[in-house]
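Structure first, then comments.
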Amino acid sequence: EAPWPDPWVAIPAMAAVTTLMRAQQILMGHLNELLAPFELTFARYEVLMLLYFTAEGSLPLGKIGQRLQVHPTSVTSLIDRLERDGYVERVPHPSDRRTTLARLTVAGRNTAGQATKILNEDRFGMAALSSESHEELILLLDRIRETGGDSVTP
């Protein structure tokens with residue numbers, strides 16, 4: 001017996017999900033290849049850019065996890081690697097002894113800029129789609145994000 005009443009009803013939704021997931025895998029593989037010369041993965045690049053765009057170049061580790069929506073263990077692992085590569089450093093919070101900040105180093109800032117240049121030249125792996133299609137895709141995916149309770153900024 002089929003897991004849903006009419007086995008053909010969910011086929012378009014299932015095809016959309018599997019296509020989306022496979023596209024995500026392909027993009028992540030491609031972006032990670034582009035970032036490999038910098039000893040970065042896309043996840044580590046996201047951390048660098050998050051720090052790059054802060055006024056101080058630093059954030060509490062917990063805030064990084066919140067903004068990237070990843071588990072604290074993942075944040076620790078990401079920061080460990082970025083610190084080992086000299087891109088960030090852990091520093092004590094100036095007013096809260098319980099909090100550790102991740103601070104972008106000069107090497108991290110330079111690497112973030114160089115990596116962004118390469119990703120931009122490649123259009124972040126999205127060159128197969130027009131700019132109009134990028135905007136349409138964002139609108140479509142934002143509906144799914146909102147339904148899931150995610151914060152979507154205009």
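Order determines the names: the first chain of the structure tokens is A, the second B, and so forth; residues in each chain are numbered 1 upward, and ligands are numbered 1 upward as they are shown.
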
What are the closest atom pairs, with distances in Å to one decimal, for each residue of segment 71-154 of chain A lying within 12 Å of segment 39-53 of chain A, using only C-alpha atoms, rows by chain and rising residue number, as CSV?
```
residue,atom,partner,partner_atom,distance
A:Ser74,CA,A:Ala43,CA,9.7
A:Val75,CA,A:Val47,CA,8.8
A:Thr76,CA,A:Arg44,CA,11.2
A:Ser77,CA,A:Arg44,CA,9.6
A:Leu78,CA,A:Arg44,CA,5.9
A:Ile79,CA,A:Arg44,CA,8.0
A:Asp80,CA,A:Arg44,CA,10.2
A:Arg81,CA,A:Arg44,CA,8.2
A:Leu82,CA,A:Arg44,CA,7.0
A:Glu83,CA,A:Arg44,CA,10.7
A:Arg84,CA,A:Glu39,CA,10.6
A:Asp85,CA,A:Glu39,CA,7.7
A:Gly86,CA,A:Glu39,CA,10.7
A:Tyr87,CA,A:Leu48,CA,7.8
A:Val88,CA,A:Leu48,CA,8.0
A:Glu89,CA,A:Leu51,CA,11.3
A:Leu101,CA,A:Leu51,CA,10.3
A:Ala102,CA,A:Leu51,CA,8.0
A:Arg103,CA,A:Leu51,CA,7.1
A:Leu104,CA,A:Leu51,CA,6.2
A:Thr105,CA,A:Tyr52,CA,9.7
A:Val106,CA,A:Tyr52,CA,10.4
A:Ala107,CA,A:Leu48,CA,10.7
A:Gly108,CA,A:Leu48,CA,6.9
A:Arg109,CA,A:Tyr52,CA,6.5
A:Asn110,CA,A:Tyr52,CA,9.8
A:Thr111,CA,A:Leu48,CA,8.7
A:Ala112,CA,A:Leu48,CA,6.2
A:Gly113,CA,A:Met49,CA,8.8
A:Gln114,CA,A:Tyr45,CA,11.0
A:Ala115,CA,A:Tyr45,CA,8.0
A:Thr116,CA,A:Tyr45,CA,8.8
A:Leu119,CA,A:Phe42,CA,10.3
A:Phe124,CA,A:Phe42,CA,10.5
A:Gly125,CA,A:Phe42,CA,12.0
```

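All residues in segment 3-148 of chain A with a DSSP state of strand (DSSP E), computed from the backbone, read Ser58, Leu59, Pro60, Val88, Glu89, Arg90, Val91, Pro92, Thr100, Leu101, Ala102, Arg103 and Leu104 of chain A.
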
Pick out each residue of chain A that DSSP on the backbone tags as alpha helix (DSSP H); I need them as a compact mmCIF listing (two decimals) with C-alpha atoms, in the first residue's frame.
```txt
# COMPACT_ATOMS: atom_id res chain seq x y z
CA ILE A 11 5.38 13.40 -7.10
CA PRO A 12 5.93 17.08 -8.15
CA ALA A 13 6.73 18.08 -4.55
CA MET A 14 9.08 15.13 -4.12
CA ALA A 15 10.79 15.93 -7.44
CA ALA A 16 11.17 19.58 -6.38
CA VAL A 17 12.73 18.61 -3.05
CA THR A 18 15.13 16.08 -4.51
CA THR A 19 16.13 18.52 -7.27
CA LEU A 20 16.71 21.28 -4.70
CA MET A 21 18.77 19.00 -2.47
CA ARG A 22 20.89 17.75 -5.37
CA ALA A 23 21.46 21.31 -6.62
CA GLN A 24 22.59 22.26 -3.10
CA GLN A 25 25.07 19.35 -3.06
CA ILE A 26 26.45 20.35 -6.47
CA LEU A 27 26.78 24.02 -5.47
CA MET A 28 28.49 23.21 -2.18
CA GLY A 29 30.95 20.91 -3.92
CA HIS A 30 31.72 23.57 -6.52
CA LEU A 31 32.08 26.40 -4.00
CA ASN A 32 34.28 24.27 -1.75
CA GLU A 33 36.55 23.57 -4.75
CA LEU A 34 36.86 27.30 -5.43
CA LEU A 35 37.67 27.96 -1.77
CA PHE A 42 31.86 27.44 2.33
CA ALA A 43 30.88 27.10 6.01
CA ARG A 44 34.19 28.62 7.14
CA TYR A 45 33.85 31.32 4.47
CA GLU A 46 30.43 32.23 5.90
CA VAL A 47 32.00 32.73 9.33
CA LEU A 48 34.72 34.94 7.87
CA MET A 49 32.16 37.05 6.05
CA LEU A 50 29.94 37.33 9.11
CA LEU A 51 32.93 38.72 11.03
CA TYR A 52 34.04 40.82 8.06
CA LEU A 61 30.72 32.50 19.49
CA GLY A 62 27.08 32.06 20.52
CA LYS A 63 26.01 34.93 18.27
CA ILE A 64 27.83 33.31 15.33
CA GLY A 65 25.83 30.13 15.90
CA GLN A 66 22.57 32.07 16.07
CA ARG A 67 23.23 34.05 12.92
CA LEU A 68 24.37 31.05 10.90
CA PRO A 72 27.43 25.42 19.15
CA THR A 73 29.58 22.33 18.50
CA SER A 74 29.73 23.26 14.82
CA VAL A 75 30.72 26.83 15.69
CA THR A 76 33.54 25.54 17.89
CA SER A 77 34.79 23.31 15.08
CA LEU A 78 34.62 26.12 12.52
CA ILE A 79 36.43 28.59 14.78
CA ASP A 80 39.05 25.98 15.73
CA ARG A 81 39.97 25.50 12.09
CA LEU A 82 39.87 29.21 11.22
CA GLU A 83 42.05 29.93 14.24
CA ARG A 84 44.52 27.19 13.28
CA VAL A 106 44.39 40.77 9.14
CA ALA A 107 45.06 37.50 7.29
CA GLY A 108 41.39 36.55 7.70
CA ARG A 109 40.22 39.90 6.34
CA ASN A 110 42.57 39.63 3.36
CA THR A 111 41.55 36.04 2.66
CA ALA A 112 37.86 36.91 2.91
CA GLY A 113 38.37 39.63 0.31
CA GLN A 114 40.35 37.39 -2.05
CA ALA A 115 37.89 34.50 -1.71
CA THR A 116 34.93 36.80 -2.31
CA LYS A 117 36.55 38.11 -5.48
CA ILE A 118 36.85 34.56 -6.85
CA LEU A 119 33.32 33.62 -5.79
CA ASN A 120 31.93 36.79 -7.38
CA GLU A 121 33.79 36.12 -10.63
CA SER A 131 19.92 37.61 -12.41
CA GLU A 132 16.14 37.67 -12.84
CA SER A 133 16.04 33.93 -12.15
CA HIS A 134 18.16 34.46 -9.02
CA GLU A 135 15.60 36.95 -7.75
CA GLU A 136 12.70 34.61 -8.58
CA LEU A 137 14.45 31.71 -6.84
CA ILE A 138 15.03 33.81 -3.74
CA LEU A 139 11.33 34.72 -3.58
CA LEU A 140 10.26 31.10 -3.99
CA LEU A 141 12.68 29.76 -1.40
CA ASP A 142 11.84 32.57 1.03
CA ARG A 143 8.26 31.24 1.15
CA ILE A 144 9.58 27.88 2.34
CA ARG A 145 11.89 29.57 4.85
CA GLU A 146 9.06 31.71 6.26
CA THR A 147 6.78 28.68 6.59
```

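Note that atom CA of Gly148 of chain A and atom CA of Gln69 of chain A are 13.0 Å apart.
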
### Task
List the neighbours of His93 of chain A out to 10 Å using only C-alpha atoms; skip same-chain residues closer than 5 positions along the sequence, and give me the result as a VMD selection string.
chain A and resid 58 to 60 98 to 102

Can those selected residues be exported to a file as a PDB file, in the first residue's frame so that it contains C-alpha atoms?
```pdb
ATOM      1  CA  SER A  58      34.361  40.199  16.102  1.00  0.00           C
ATOM      2  CA  LEU A  59      31.355  38.414  17.547  1.00  0.00           C
ATOM      3  CA  PRO A  60      30.614  36.154  20.494  1.00  0.00           C
ATOM      4  CA  ARG A  98      31.918  34.306  30.442  1.00  0.00           C
ATOM      5  CA  THR A  99      31.960  35.179  26.749  1.00  0.00           C
ATOM      6  CA  THR A 100      34.626  34.507  24.158  1.00  0.00           C
ATOM      7  CA  LEU A 101      34.777  36.476  20.944  1.00  0.00           C
ATOM      8  CA  ALA A 102      36.002  35.302  17.562  1.00  0.00           C
TER       9      ALA A 102
END
```

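Here atom CA of Thr54 of chain A is placed at a distance of 28.5 Å from atom CA of Ala127 of chain A.
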
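Atom CA of Val70 of chain A is found 18.5 Å from atom CA of Thr153 of chain A.
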